[in-house]
Amino acid sequence: MGLVARALETAGVATAVLSPIPELTVSVGAPRVVGIGHPGSVPLGRPHDAEGQRAVLRGALEAAAAMTVPGARTDLPFRWPVDVRPPA
């Protein structure tokens, strides 16, 4: 997604990538990266947890709006519970 975001930015479209591995996403040149402490298979949160997913999405959108220049990175405070196995 980072490469797609970079291409969109060169076309004038502001982007932000929600990433469970923000260091990797930054390394491919994604313009704006929003890190999330969730597994890659469920970056927005647990299945069927609409309230939690909305909170992550709201946080990602607010973070993206605050990053006014390409090259920015921020991390959201959400963390996957260690006692919960992520879906495959």
# chains A, B, ... in the order shown; residues from 1 in each chain; ligands from 1

$ select_by_dssp --residues "chain A" --states "strand (DSSP E or B)" --output "PyMOL selection string"
chain A and resi 17-19+32-37+72-79

$ write_last_selection --atoms "C-alpha atoms" --output "mmCIF file, in the first residue's frame"
data_model
loop_
_atom_site.group_PDB
_atom_site.id
_atom_site.type_symbol
_atom_site.label_atom_id
_atom_site.label_comp_id
_atom_site.auth_asym_id
_atom_site.auth_seq_id
_atom_site.Cartn_x
_atom_site.Cartn_y
_atom_site.Cartn_z
ATOM 1 C CA VAL A 17 -1.440 4.308 5.213
ATOM 2 C CA LEU A 18 -2.652 2.472 8.329
ATOM 3 C CA SER A 19 0.163 0.019 9.007
ATOM 4 C CA ARG A 32 2.090 9.531 5.595
ATOM 5 C CA VAL A 33 2.100 6.512 7.903
ATOM 6 C CA VAL A 34 -0.265 5.793 10.782
ATOM 7 C CA GLY A 35 1.083 2.940 12.905
ATOM 8 C CA ILE A 36 -1.295 0.548 14.644
ATOM 9 C CA GLY A 37 -0.478 -2.152 17.226
ATOM 10 C CA ALA A 72 5.104 12.211 8.470
ATOM 11 C CA ARG A 73 4.461 9.285 10.801
ATOM 12 C CA THR A 74 2.340 8.902 13.900
ATOM 13 C CA ASP A 75 1.294 5.897 15.960
ATOM 14 C CA LEU A 76 -2.172 5.261 17.338
ATOM 15 C CA PRO A 77 -2.514 4.166 20.979
ATOM 16 C CA PHE A 78 -4.441 0.977 20.142
ATOM 17 C CA ARG A 79 -2.784 -2.348 21.052
#

$ residues_around --residues "A:Val69" --least-positions-apart "4" --cutoff "12 Å" --atoms "only C-alpha atoms" --output "PDB file with N, CA, C and O atoms, in the first residue's frame"
ATOM      1  N   GLU A   9       0.184  10.270  -4.242  1.00  0.00           N
ATOM      2  CA  GLU A   9       0.697  11.572  -3.802  1.00  0.00           C
ATOM      3  C   GLU A   9       1.336  12.332  -4.960  1.00  0.00           C
ATOM      4  O   GLU A   9       1.170  13.537  -5.067  1.00  0.00           O
ATOM      5  N   ALA A  14      -3.627  13.458  -1.472  1.00  0.00           N
ATOM      6  CA  ALA A  14      -3.048  13.210  -0.155  1.00  0.00           C
ATOM      7  C   ALA A  14      -3.496  11.840   0.341  1.00  0.00           C
ATOM      8  O   ALA A  14      -4.663  11.468   0.207  1.00  0.00           O
ATOM      9  N   THR A  15      -2.561  11.079   0.909  1.00  0.00           N
ATOM     10  CA  THR A  15      -2.863   9.733   1.389  1.00  0.00           C
ATOM     11  C   THR A  15      -2.279   9.517   2.766  1.00  0.00           C
ATOM     12  O   THR A  15      -1.387  10.242   3.199  1.00  0.00           O
ATOM     13  N   ALA A  16      -2.757   8.490   3.440  1.00  0.00           N
ATOM     14  CA  ALA A  16      -2.170   7.996   4.685  1.00  0.00           C
ATOM     15  C   ALA A  16      -2.380   6.486   4.694  1.00  0.00           C
ATOM     16  O   ALA A  16      -3.422   5.991   4.271  1.00  0.00           O
ATOM     17  N   ALA A  30       6.182   5.510   1.821  1.00  0.00           N
ATOM     18  CA  ALA A  30       4.799   5.961   1.977  1.00  0.00           C
ATOM     19  C   ALA A  30       4.800   7.385   2.520  1.00  0.00           C
ATOM     20  O   ALA A  30       5.541   7.699   3.450  1.00  0.00           O
ATOM     21  N   PRO A  31       4.003   8.261   1.946  1.00  0.00           N
ATOM     22  CA  PRO A  31       4.033   9.680   2.323  1.00  0.00           C
ATOM     23  C   PRO A  31       3.615   9.960   3.760  1.00  0.00           C
ATOM     24  O   PRO A  31       4.233  10.752   4.436  1.00  0.00           O
ATOM     25  N   ARG A  32       2.571   9.329   4.227  1.00  0.00           N
ATOM     26  CA  ARG A  32       2.090   9.531   5.595  1.00  0.00           C
ATOM     27  C   ARG A  32       1.747   8.156   6.155  1.00  0.00           C
ATOM     28  O   ARG A  32       0.990   7.410   5.538  1.00  0.00           O
ATOM     29  N   VAL A  33       2.288   7.844   7.328  1.00  0.00           N
ATOM     30  CA  VAL A  33       2.100   6.512   7.903  1.00  0.00           C
ATOM     31  C   VAL A  33       1.461   6.645   9.280  1.00  0.00           C
ATOM     32  O   VAL A  33       1.915   7.421  10.116  1.00  0.00           O
ATOM     33  N   ALA A  64      -4.303  11.385  10.075  1.00  0.00           N
ATOM     34  CA  ALA A  64      -4.013  11.739   8.685  1.00  0.00           C
ATOM     35  C   ALA A  64      -4.266  13.220   8.433  1.00  0.00           C
ATOM     36  O   ALA A  64      -3.482  13.884   7.751  1.00  0.00           O
ATOM     37  N   ALA A  65      -5.343  13.748   8.996  1.00  0.00           N
ATOM     38  CA  ALA A  65      -5.657  15.167   8.808  1.00  0.00           C
ATOM     39  C   ALA A  65      -4.614  16.065   9.470  1.00  0.00           C
ATOM     40  O   ALA A  65      -4.333  17.162   8.989  1.00  0.00           O
ATOM     41  N   ARG A  73       4.888  10.550  10.207  1.00  0.00           N
ATOM     42  CA  ARG A  73       4.461   9.285  10.801  1.00  0.00           C
ATOM     43  C   ARG A  73       3.938   9.560  12.199  1.00  0.00           C
ATOM     44  O   ARG A  73       4.488  10.361  12.942  1.00  0.00           O
TER      45      ARG A  73
END

$ atom_distance --atom1 "atom CA of A:Ala63" --atom2 "atom CA of A:Val82"
24.9 Å

$ select_by_dssp --residues "chain A" --states "helix (DSSP H, G or I)" --output "ChimeraX atom specification"
/A:2-10,22-27,50-66

$ closest_residue --among "A:Val13, A:Val4, A:Ile21, A:Leu44" --to "A:Pro86" --atoms "only C-alpha atoms"
A:Leu44

$ closest_residue --among "A:Ala5, A:Leu57, A:Val28, A:Thr68" --to "A:Gly45" --atoms "only C-alpha atoms"
A:Leu57
